[in-house]
Every structure is written in structure tokens, then in C-alpha cells.
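**Q** Got a structure for you, written out below as C-alpha cells; questions coming shortly.
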There are 4 protein chains.
Amino acid sequence: MIIIMSRDASGEEVARIEERLSAAGFGVHRSQGVERTILGAIGERSPELLSTVAAMAGVEKVVPILKPFKLASRDFKPEPTCVTVGDAVFGGAEAVLIAGPCAIEDEEQLLSTARRIKAAGAKLLRGGAFKPRTSPYSFQGLKIDGLKLSQEVAAETGLAVVTEVVSPHEVELVAEYAQMLQIGARNMQNFALLQEVGKAKIPVLLKRGMAATIEEWLMAAEYIMNEDNYQVVLCERGIRTFETATRNTLDLSAIALVKEWSHLPVIADPSHASGRRNLVLPLARAALAAGADGLMVEVHPHPETALSDGPQSLNFAEFDELMQGIEPILAVMGKHL
Amino acid sequence: MIIIMSRDASGEEVARIEERLSAAGFGVHRSQGVERTILGAIGERSPELLSTVAAMAGVEKVVPILKPFKLASRDFKPEPTCVTVGDAVFGGAEAVLIAGPCAIEDEEQLLSTARRIKAAGAKLLRGGAFKPRTSPYSFQGLKIDGLKLSQEVAAETGLAVVTEVVSPHEVELVAEYAQMLQIGARNMQNFALLQEVGKAKIPVLLKRGMAATIEEWLMAAEYIMNEDNYQVVLCERGIRTFETATRNTLDLSAIALVKEWSHLPVIADPSHASGRRNLVLPLARAALAAGADGLMVEVHPHPETALSDGPQSLNFAEFDELMQGIEPILAVMGKHL
Amino acid sequence: MIIIMSRDASGEEVARIEERLSAAGFGVHRSQGVERTILGAIGERSPELLSTVAAMAGVEKVVPILKPFKLASRDFKPEPTCVTVGDAVFGGAEAVLIAGPCAIEDEEQLLSTARRIKAAGAKLLRGGAFKPRTSPYSFQGLKIDGLKLSQEVAAETGLAVVTEVVSPHEVELVAEYAQMLQIGARNMQNFALLQEVGKAKIPVLLKRGMAATIEEWLMAAEYIMNEDNYQVVLCERGIRTFETATRNTLDLSAIALVKEWSHLPVIADPSHASGRRNLVLPLARAALAAGADGLMVEVHPHPETALSDGPQSLNFAEFDELMQGIEPILAVMGKHL
Amino acid sequence: MIIIMSRDASGEEVARIEERLSAAGFGVHRSQGVERTILGAIGERSPELLSTVAAMAGVEKVVPILKPFKLASRDFKPEPTCVTVGDAVFGGAEAVLIAGPCAIEDEEQLLSTARRIKAAGAKLLRGGAFKPRTSPYSFQGLKIDGLKLSQEVAAETGLAVVTEVVSPHEVELVAEYAQMLQIGARNMQNFALLQEVGKAKIPVLLKRGMAATIEEWLMAAEYIMNEDNYQVVLCERGIRTFETATRNTLDLSAIALVKEWSHLPVIADPSHASGRRNLVLPLARAALAAGADGLMVEVHPHPETALSDGPQSLNFAEFDELMQGIEPILAVMGKHL
């Protein structure tokens, strides 16, 4: 870390910091400028030390040198990680398609959707059983009945199931019914939940929080990996900005940057990102062209009767169009379904 | 709700929506303009209906009329709510001061801080035992030992304890040791947790999420109140914006607006909002002048050795200055400690 | 527009608003609900009326129905607009490539760049002569000498020139040397400048402001078009968000949405958007896959000696890679250089 | 500046950067860590060098040490600057009140407002003659007639006039009629305009841009001061965030931080910040409690007929309430009108 002393820092203040850093096992270099003293401390990044040094007298700013994530970084593991879920492999030459309704409503809805998306090339079925909703008066999901339904439908169609888990003590239960656990945007920094899905040792789909930096997102992955679960797939789903014409702002720079910084697979969710059915195809294409390893898309047999997120759900015909629309982009990117 | 049809919506599409709304028990008024048809639907706000109507063919936009929160709104309860915790009453003529370290570290730290803040007029002791940290490698809190310590210290000093709970299944445990449960910014939309603290029926301090709108914040309160727990105190702690000179941007408009929309008490946390010790006093004064019912401030006997948030913690002398600095503002606002 | 009255609005207040709207030539419909009265006013959108009605007693909220832009909208002109600059046509089957240095430095730099980009398929040369810089101590551009240089280089290489104009009274001067005038992000709401480039009647490249909504961006185009200059090409260059890992956040939803709302061509600038050389290719591909009509890319013979924006400039070899990398995406999108 | 080399930077790459820095007159210190090399370069901050070094091979990140502003900084001038306009002095023991309509409409409107605000203690009359409006179809101001009117009204009432200038070539004209020139939020980085008001050598009110960092705001002041005009008063008027309940988010941390970093006076505009009449008083109090040197408030004899910004304008009675409401806060802060 680099410590920039304030202009009027005393020699004693500088010395006190040097002592503190040395005591913590850091090698310290001092650069004495005309206006300021700069200290360079060489050693492992320690969040506590960063914070306490920043609080010491005479310090203007502390700049970390190393990125805070380790297990998730390319430095730690240069080759890309592949995560296998059912027949799908995230992170390789395959572009994995996850599709399905926002919320599981009934058997007819789920089964018809599953058949259609399977036929079109999807490998995973999404569908919320435990739904985190802004309002307590909104439909909260079918819960355990939804899980059972999705398990049956998956068995019948040969799809794998990814579904959201919202509470640490439900991880075990949900993991019985699903092949992949989803951490939603609102829970990206629910650390108790992250640790629990880490311990469950099954693949995790980690959505980026609405106001999470890329660094914080990778730190959330680090929480899971720190429990010895390396099967983490990241999912960019739009960040919150001042723009209100779209539900969120899909950040495709994040896709490209995550590929550079991390070995983990990363996919995009153009449905939640835009909140507008018409934008799903162009954003799906754009995400794949930016290097995404797959897509998560909302599909519903009748979006106009959906219990949630109708405006952004594709109907079956629109989903077929999407699949046709992304195919040539996949070919360009050297990927296949 | 108001439904704005698209320019090229057919008569049939308009009729289909009118039917749907009528079937749901809404009274519908049609305004036929030169360019567009507008439908006004009168009835209770229903999140599902809003969403599904928005997905129907021919609809350009759906505009809700009523605010989504009920129990938290002034319409529901015009007079201010008072929440009693130990000797403190939030929401009345008292300005409640909560102070203490970010994280509980040891008995000496906690006891010396508690004595000092008590002497200066604070009524509640804060101090994290379960710490949600961005990095899994950061100090995660003393957990149960921290809770016990804070209980002992509280007993000795006559302060009440407010501490964060991060997991639904720990609510009961934490509630044994604390008089008020804190929901942190990262958990503001952890709905499972909100429901659980609702059921616990003890006072809750609900921090605003970093990217939460005022409406979403009040909806989070609604989750707690919907479990018949009306003892909710809101806490503005800064939102995430493009500005990097401060850790967050304290949104004092939110204080004033919450007072207008809701009957719940609201306080401010200038320490987390700014992340800079020097800004705590001016922002504390500003928050009280904007109408806040209290403050939450980080105090540590030795900020430069603190295990977290040192740069924004006040030492004892600085805390005394703060108390002297806010006193005349309180007098102006007709409040007292 | 729709006027939502507050819960406690009196009958007299409602009547006063109906009178006001009728006097302004609006047809008014009243919807009387149990809790609130809603008024629908049918007529042309008037910014003044929106604002003054919103200020009247008893009004809770005014919701505009129509979008505020007219000339820029698809409703006004359903077919796409083509803008011709030199040999390039924006908005049709061609994907127009604009390339060149951030700032014009000297003849060798500009000429070598121009030759290389021309050979690779670019049609327009960019290069700032008047540079708006955050610091008054930064290089401000070669000004008139830069303009002359770019004119000579363009003549020699057969490229057209696009360059930024920053002051209304320099529009005429700059227009003598360039075939297209650029309005930079910082000047997107410099209305005096917009009107002046409107009057100049030459093609305009209008960059989106860092904090401008899509609607405000199209309103800026409206200012130019309102002076009878319809040759406007929009350029998405990233918006300012909380994310600091990239210079800005490229908003590709905006590309797709502008295509839906407006008939104007729209291109993307992945260089300024990301501020990182490594991200230029993936974002360029993504922008084209989202439907962009072209790209604006920074190229410099020696980025590490560039007087501005070196970190995001491609060198010649990298530019060649970019061109090869986007070609197959263009083919998929039915476009060609 | 500090240069953090990438993990795999070669010794040659490090050497090349050291040469470059030395050639530019910088003293260079090298810190060799286990994982990375860090270079510290001591010398004056140079925006060009920062940028070009960042583009050199092997460099991961360049961190500036010094703040980019000089003339505006406390380091340059520790004691506060006082700016005198008419009878008012910004930056001392006085809290200067600027009030008046958003746009000048007619003599009756302006004169009645001027009389009332003068009586209540305001020293400056605001009122736009050249109005930058988002829509070209909105009222654009009375222009030169508005300037004349405000001059007459000022003469009659003994108030000084502050009015916005939007174009460099109108600076001279506007300066004939006004005692203080306002740079609006949209023009904060209109550098041609900043230089021109710098040359005009009359006091300038510099509003913060909607998406401008505090550092960029002070750099805009630096542009004016670099033309030898030190009479700059800063005005915080809210920044653009994701929150839509208020027009902007008033950033009061910025008030306190500007006071720490700079010697320039700073005031707040609670009217534009909130866009809601009800919030003007609480935010005015809060701004003064945070240390603001004054306020700018919109007042209109009949807000419900105002040609712009009616919803946030106070009527005369409300303005009187505001003045009474802020008085005791001023007393606490040791200020007077």
C-alpha cells in the first residue's frame, strides 16, 4: 500500500507510521518530496491495516496496490474456470442459455416453457420459487411447491434447474431440488448466505448487486470460494444509474473487465437489465459480442398474465427469434450452444 | 393506475385492457385524445396488476397513482410514531444519540467508550458483534462474545444496546442481548431478515440501502410493520453516487421527505455517510437542522488502532466537541438530548 | 398530461385546474376515485403548462404523456435518416468508422494516422483542435493550426474531417475546415452552441452528456433540428456512474432504445467510454451487435507519448486488430464498412 | 505521482518509465516488492505526464498525489476569500441571501419580488434573462429586455443583480447590467465561457455541474482564477443520482469539504436541489448548519403562474417563513444576514 502524508505531517508522525508498518511485517520505503512524504509499504494486502493506517495522524490518503480478491483473480489462476451444471459447461466453448419464467406459477406454465426452451437449445431452466419482492403485498413465490414442480419438470425435459435462494437456512433445502443456486442482486452482499452456498459445494450463479462495483462483486465470489466452492458463475444484470428509460443500465464493460481480472465464467441477463422486451435481443447479442459465456433470459407462455416481470418476458415466438438472432453472433465468437 | 396506450394501439387492444381491469374490480375511465388513448383505473394498488397490464399488447406505459407503502405512510397514520428503547424515545422532542465503536473489540474498548458517551448524553450504545465485511479476510466481529460483552457494559453504564443482525436465524439470539436490532444497508432488501425482525417484536433500526430509493426504503419498513412490529426507526447513512471524495453522499432531502411521507422516526449516520472524521460535525448539525430525530456516530478510544472504520471514528475529545457543537442546533429545532 | 390531485385536494382546487387547462385549449377528463381525483388533459405537450400546473394548489404530481421531442422522434419520421459526410453515409447499410487521435499534435502524427486508418477502411478522421480539458494547465489543442493541418491531411488522404467545436462564435470558422462538427459530452446542453451548429447546416456529431438521460440527449438533437438542420448523428460515449474501474459506463441499452424512439443514426465511442485500451475491441463489437451505425475510436501512432488520452488510444497494430475483429460482427448485422 | 507497475512488467519497461520521468524533471524513487515494482515520482503535477505514463507498457495504474487545483486550494491561500457584490460580502460573518424568480417575466413580477426580498434581508436579486432550457420549445427568457428590467429594479430597490450568462460573446453585454455573473450547472465545464467570465473581472457565481465531482468543480473555478479573477463564489445545487423523488440530491458533504479544501466561499441552492417547495426550508437550514456562506432561493409572487420552476418556488409568505426559519440557525453558526 502507498501512504500519502499530508503537507503538514510532522517527522514524528511519519516515523510512527513507519513503525506501525514494520511491526506488521511490511517493508517500508520512504520518498521525501518537496511538498510531501510518501511511504510505500510492501507486503500482503490487509484490510484492517489499510483502515487503521488511514486513521493515523498526518495521513492524507492510503492507496492500495493489490486488488483485494485472490482466489477469484487471474493472478491466482490464469486459465479460465469451467463450471459444469447438468449438460452445460460454463466458461468454455459453449454459450450456456438459461431461460424460463421469473416466478414459477403452475405446472402448465413451467412445463410448456421448459419444453420450448429445451427444444430451442437452452440447457438450464430458471424459475423463482422464493421470490424477493420490493413489496410485502406482491406474490412471494410458491416456495417448496415451486421447487418440487421445477424438479419434476426438469426430470421430464432433461434440463437442469437454477433457482434463487434467499436465506442461509434454506440453502440445504433448495440444494436438494436444484443443480445450481442463484444469489440475487439484492443478496450479493448477504455474506451469511454467501458462506452457506459456499459450504453447499454446488454451482452458484452470483448476480451483481445493483450498486456493486466490479471489485465488490468479485469479493462476493471470494466469500463463496473461501469456503472451498470454486463453482461460481458471475451474472451481470444491470446497475442502477440516473437513467430511468431502462430499468437498469447493462454494464458490458464489466463483462470484458471480469474476463481480464478473473478466471470465472460470466454471463448476462438482458431481461432484468433493460426491463423492456424489445431490448432483450439487441442486448443479448451485445453481451455475447462483449465475451459473455452465456445468457439468462425470461420467457413466459403468456407474459401479459405473468405474476411478475411481464413487460420484460419474451413469449415463445419471441424466444425463438432471440435464439435465431444470437446464433450468428455465437459463430463469430467461436462459441456454440 | 393510469394506462397510456401506444399511438398505434388498436380499439381491440384498448378493449382487452378495459376488460382485464374491470375483471380485477377496477373502475375504468377512458380519455380519448387525438394521438392516444389514456385509461384511468381506480382501485387499490396491486403490484401484480401493474406489471401484467404493462405487458399487454398496445400499452406504452403504466403510471401508478398511489404510493406502494401503506402502514408506513402518513395517510395511514397522520401523527408521528414514537419508538421507545431503554430510556430513549425516538420521534418526539428528544434527539436520540447512538454512539460507539464500529466493531466491538474488547472490554476495555467498549466499557471506556460506553462510560464516555453516557456521560456526554448518549442513550444507546452501538457496536457490531456480527460484522458484514466486503472482504472475507477482514475482521468479522466477536459474534456471541461481542453480544455478551455489550450486554454487560450496557448493564454497568445504563445504556441500551443496538447491534446489527445479519441472518434470519440469529434474530432470536441477538434479541436476547440487545434492546434494538439494526438492519444494515447491505441487508435493507434481505426480506427474509426483515420478516424475522418483524416477528421479533422489538425495536428495529433500519438503515437505507446504498442504492435504495426512498420509496424502497419505506417498503422495507413495510415488510417489518406487516409482521405487526411498528417499532421501526429509519436511518439515512448516505447513498452511492459518482462522487468519490466522500465514502457516500448523505441525502438530507431524504430526511425531510421521509418526515412528510411517513410517521416513522428518522435519524442520520454522518460517520458512514462521509467516511471522514472532519465531516462528522458539520453533517451532524446539518442532519438535525433538516429535522432528524437523532444521530448515530462512531466513537473509538483510539481510532488509529480500530479494527474497522478508523478514518471516520471520533476519539473521545472529538466526540465531546460534537456534542457541544450540536447542542445549540437542537435548541433551535426544539429538541433536547 | 395527467394530473394526480392530492388526497385532500378540495373541489375548488380541482375546478381551478380544469379551468386553467381549458383556457389553454386542452380537453379535460376527470376520473373520480375513492381516494383521489385524476385529470387527463389532452392537447400538445407544453413544458410551461406542465410546470405551472404542477405548482398549483392541490396537485400531487403531473405525468406527461407525450415524449418531449418531436422532430427527432419516429412518430414524426418513421423511416431512418441518413446523414452523408464525404464518402460516408450514417444510418444505412454502412457502418461508418471514425478514427484518429484525441488531440492533433503535429503533421507526422496526423498524416501517418490518417493514412493507416484510411487503408483499414475508416471514412472520417477525428482529431481535436479545440480541446475542452478539465484542467486549465492541460494541453488545450493547436486551435486554428490544428484545423488547417487536419484539412491538409484530409485532402491528401481522401478522408472527411470531424472535429469538436466548443464556442458558438467559432462555429463558422471550424465549419470552414471540417465536414462534420462534433458537440462534446460537456457541451451537450450548451444550447447557444447547439443553435449555432443548427444554423451552420452541416452534419453534427452529438455526443451524449455524462449525466444526460436519453430523453435529454434527444432534446439536444431537437435544438439542432429546430434550426432546420436534420443532419444529426448521435454518439453514445458512456455515462457517469458509481463504477470507477472504467472511466465511464457504456450504455448500450441507449443505442437500442434510440433506434426505437428516433430516426437518427447513432454510433458508439468505446475509447472514451472505457478509458482502457483492452476494452475497446469487446465494446466495439458489442456496440455494433446492439445496432450501432458506426464507431468512433481513438488511434495514435505512439499512445505512450500522446498529449491526451494515451491509456485508451490504440496503436496502429491494435487498430488493425480492431478492424479484423469487428468485420464478422458487421457481416452478421447486415452492415459493411 | 505514483506508478504501480503490473505484475509481469519487465525490468526494461520499468527502466523506460524511470527515464521518461527523469527527462521530465521528476525525482524518481523505486520500491521493489515481491509481486510488483512501485515508482514514486516527485515533482509538480502535470496532467499530460500522468496520462502518457499511464499509457506506457508495463504500467498498471498511475495515482496522482497532489490535488489538481492550485489557485483554489487552501494550500495556496490558507485564509478564506471574501467576495464583495454590492452591499454583500460572501465568505465572512455574513450569510448572503440571493432570491428572486427563476426567469424574469415582467416588471410587476420582478419589482414586487425585489421589494419583498429586500425587506426580508436579501442582498442580491436573481432572475434569468437568458434561460438554458432542456426543450427548445420552452420559454427562453426575455434576454436583453430582461437584463434592462433587472437593472432598473435593482436601482430602485438597492439590490445587486446576479444573472446567468450562457455564451462567451454575451459576457460583456451581461456584465454591463449585472454585478455578478452566474455560470449554470450545465455550463460548469463550458471552458470557453469560464475563461471569458474570468477575463471580465467581475464576481462569478459558479454552480456545480449535475455530474461534476468536487474536484472538477474546483478545477472549473481554477479556469476562472487562472484569468486573474479571484472573485469566485461556489454554489452547490444538487447532483444527479438514482433517486427520483427529488429533482437532484443536495450534497451537503460537498459544502463542508469545499470549506476544507478551498478558501473560496460556497453557498447552496435548496430550490433547484430539491425541486419541491416543502423541502426548501429544511434544506436551507441544513445547508447553513453545514457551513454554507449563503443561500440562493427561488421566490415568485405567484408560483402557480410562473413560466418556469413553479413547483419549487416560494411565494412571499413562504419566503418570510424561510427567513424566520433560518435566523436562529445563523445565530448558532455565528453568522448574520
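In the C-alpha cells, chains take the letters A, B, ... in the order shown, each chain's residues start at 1, and ligands count up from 1 in the order shown.
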Identify all chain A residues at most 6 Å from chain C by counting only C-alpha atoms; ligands do not count. Present them as a PyMOL selection string.
**A** chain A and resi 213+243+282-283+285-286+289-290
**Q** I need the residues from that last selection saved to file as a compact mmCIF listing (two decimals), in the first residue's frame (with C-alpha atoms), if you can.
**A**
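again-v8.txt was written with the following content:
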# COMPACT_ATOMS: atom_id res chain seq x y z
CA THR A 213 -18.57 -2.24 -8.09
CA GLU A 243 -31.22 6.77 -16.40
CA PRO A 282 -30.04 -6.37 -29.09
CA LEU A 283 -28.59 -6.58 -25.58
CA ARG A 285 -26.27 -10.01 -28.96
CA ALA A 286 -24.18 -7.23 -27.48
CA ALA A 289 -20.16 -9.95 -28.61
CA ALA A 290 -18.54 -8.50 -25.48
**Q** So that I can see what lies close to range 159-167 of chain C, please list as a PyMOL selection string the residues with an atom at most 7 Å from it, counting only C-alpha atoms and leaving out residues fewer than 2 positions away in the same chain.
**A** (chain C and resi 85-86+118+123-128+130+150+154+157+169-171+174+178-184+193) or (chain D and resi 192)
**Q** Residues at most 12 Å from Asn226 in chain D, counting only C-alpha atoms, excluding those fewer than 3 positions away in the same chain, as a list in words?
**A**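 The residues satisfying every condition are Ser135, Pro136 and Tyr137 of chain C; Phe69, Lys70, Leu71, Ala72, Phe191, Leu194, Gln195, Glu196, Val197, Gly198, Lys199, Lys201, Leu218, Met219, Ala220, Ala221, Glu222, Tyr223, Asn229, Tyr230, Gln231 and Val232 of chain D.
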**Q** Report as an MDAnalysis selection string: the residues of range 185-271 of chain C with a DSSP assignment of alpha helix (DSSP H), based on the backbone of this structure.
**A** chainID C and resid 191:200 214:225 252:261 270:271
**Q** Compile the contact shell of His302 in chain A as a list in words: residues with an atom at most 10 Å away, counting only C-alpha atoms, same-chain residues fewer than 2 positions apart removed.
**A** Pro101, Gln109, Val299, His300, Glu304, Thr305, Ala306, Gly310, Ser313, Leu314, Asn315 and Phe316 of chain A; Thr52, Ala55 and Met56 of chain B
**Q** Atoms to include: C-alpha atoms. Write the selected residues as a compact mmCIF listing (two decimals), in the first residue's frame.
**A**
# COMPACT_ATOMS: atom_id res chain seq x y z
CA PRO A 101 -40.24 -17.57 -16.15
CA GLN A 109 -46.71 -22.68 -17.28
CA VAL A 299 -39.56 -16.50 -21.03
CA HIS A 300 -43.24 -16.92 -20.25
CA GLU A 304 -49.42 -10.47 -20.20
CA THR A 305 -50.68 -12.73 -17.42
CA ALA A 306 -47.34 -13.25 -15.67
CA GLY A 310 -44.30 -9.48 -17.62
CA SER A 313 -40.56 -11.52 -20.56
CA LEU A 314 -40.40 -12.98 -24.05
CA ASN A 315 -43.21 -15.18 -25.30
CA PHE A 316 -42.33 -18.39 -27.12
CA THR B 52 -49.19 -7.61 -16.10
CA ALA B 55 -47.01 -6.36 -20.51
CA MET B 56 -50.25 -6.33 -22.53
**Q** Report, in Å to a single decimal, how far apart CA of Pro132 in chain D and CA of Phe90 in chain D are.
**A** 25.8 Å
**Q** So which residues touch range 7-11 of chain B within 9 Å, counting only C-alpha atoms, skipping near sequence neighbours fewer than 3 positions away, as a PDB file with N, CA and C atoms, in the first residue's frame?
**A**
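Saved the output as selection.pdb:
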ATOM      1  N   VAL B  14     -57.345  -1.837 -26.674  1.00  0.00           N
ATOM      2  CA  VAL B  14     -57.858  -0.992 -25.590  1.00  0.00           C
ATOM      3  C   VAL B  14     -58.970  -1.733 -24.843  1.00  0.00           C
ATOM      4  N   ALA B  15     -59.859  -2.343 -25.613  1.00  0.00           N
ATOM      5  CA  ALA B  15     -60.997  -3.043 -25.012  1.00  0.00           C
ATOM      6  C   ALA B  15     -60.517  -4.196 -24.125  1.00  0.00           C
ATOM      7  N   ARG B  16     -59.477  -4.905 -24.584  1.00  0.00           N
ATOM      8  CA  ARG B  16     -58.983  -6.042 -23.819  1.00  0.00           C
ATOM      9  C   ARG B  16     -58.450  -5.602 -22.437  1.00  0.00           C
ATOM     10  N   GLU B  35     -54.059  11.770 -30.352  1.00  0.00           N
ATOM     11  CA  GLU B  35     -52.954  10.872 -30.636  1.00  0.00           C
ATOM     12  C   GLU B  35     -53.004   9.563 -29.860  1.00  0.00           C
ATOM     13  N   ARG B  36     -53.609   9.580 -28.713  1.00  0.00           N
ATOM     14  CA  ARG B  36     -53.512   8.425 -27.841  1.00  0.00           C
ATOM     15  C   ARG B  36     -54.759   8.234 -26.989  1.00  0.00           C
ATOM     16  N   THR B  37     -54.936   7.011 -26.519  1.00  0.00           N
ATOM     17  CA  THR B  37     -55.979   6.733 -25.537  1.00  0.00           C
ATOM     18  C   THR B  37     -55.323   6.552 -24.172  1.00  0.00           C
ATOM     19  N   ALA B  57     -50.489  -6.119 -24.912  1.00  0.00           N
ATOM     20  CA  ALA B  57     -50.287  -5.511 -26.228  1.00  0.00           C
ATOM     21  C   ALA B  57     -50.932  -4.129 -26.300  1.00  0.00           C
ATOM     22  N   GLY B  58     -50.221  -3.173 -26.880  1.00  0.00           N
ATOM     23  CA  GLY B  58     -50.766  -1.844 -27.113  1.00  0.00           C
ATOM     24  C   GLY B  58     -50.493  -0.872 -25.972  1.00  0.00           C
ATOM     25  N   VAL B  59     -49.905  -1.355 -24.888  1.00  0.00           N
ATOM     26  CA  VAL B  59     -49.647  -0.478 -23.743  1.00  0.00           C
ATOM     27  C   VAL B  59     -48.253   0.147 -23.856  1.00  0.00           C
ATOM     28  N   GLU B  60     -48.183   1.472 -23.715  1.00  0.00           N
ATOM     29  CA  GLU B  60     -46.881   2.120 -23.756  1.00  0.00           C
ATOM     30  C   GLU B  60     -46.292   2.243 -22.356  1.00  0.00           C
TER      31      GLU B  60
ATOM     32  N   ASP C  75     -42.231   8.939 -34.435  1.00  0.00           N
ATOM     33  CA  ASP C  75     -43.615   9.296 -34.734  1.00  0.00           C
ATOM     34  C   ASP C  75     -43.645  10.352 -35.832  1.00  0.00           C
TER      35      ASP C  75
END
**Q** How far is it from CA of Gly92 in chain D to CA of Gln324 in chain B, in Å with one decimal?
**A**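 Distance reported for this atom pair: 22.7 Å.
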**Q** Write out as a PyMOL selection string which residues come within 12 Å of Val89 in chain B when counting only C-alpha atoms, dropping same-chain ones fewer than 3 positions away.
**A** chain B and resi 80-86+92-98+123-124+160+203+231-233+265-266+293-294+335-337
**Q** Of the candidates A:Arg133, A:Arg74, A:Arg20, A:Arg115, which one gets nearest to Leu264 in chain A if we count only C-alpha atoms?
**A** A:Arg74
**Q** Please list as a PyMOL selection string every residue within 6 Å of Ile3 in chain B, counting only C-alpha atoms and excluding residues in the same chain fewer than 6 positions away.
**A** chain B and resi 38-39+62
**Q** Export C-alpha atoms of the chosen residues as a CSV table (one decimal), in the first residue's frame?
**A**
chain,number,residue,atom,x,y,z
B,38,ILE,CA,-55.5,7.0,-21.8
B,39,LEU,CA,-57.2,4.7,-19.3
B,62,VAL,CA,-48.4,2.3,-16.8
**Q** What's the separation between CA of Asp228 in chain D and CA of Ile144 in chain C, in Å to one decimal place?
**A** 25.1 Å
**Q** Step one, run DSSP on the backbone; step two, keep only residues of range 88-208 of chain C assigned to strand (DSSP E or B); then write them as a PyMOL selection string.
**A** chain C and resi 88-90+94+96-100+103+124-126+128+160-164+180-183+204-207
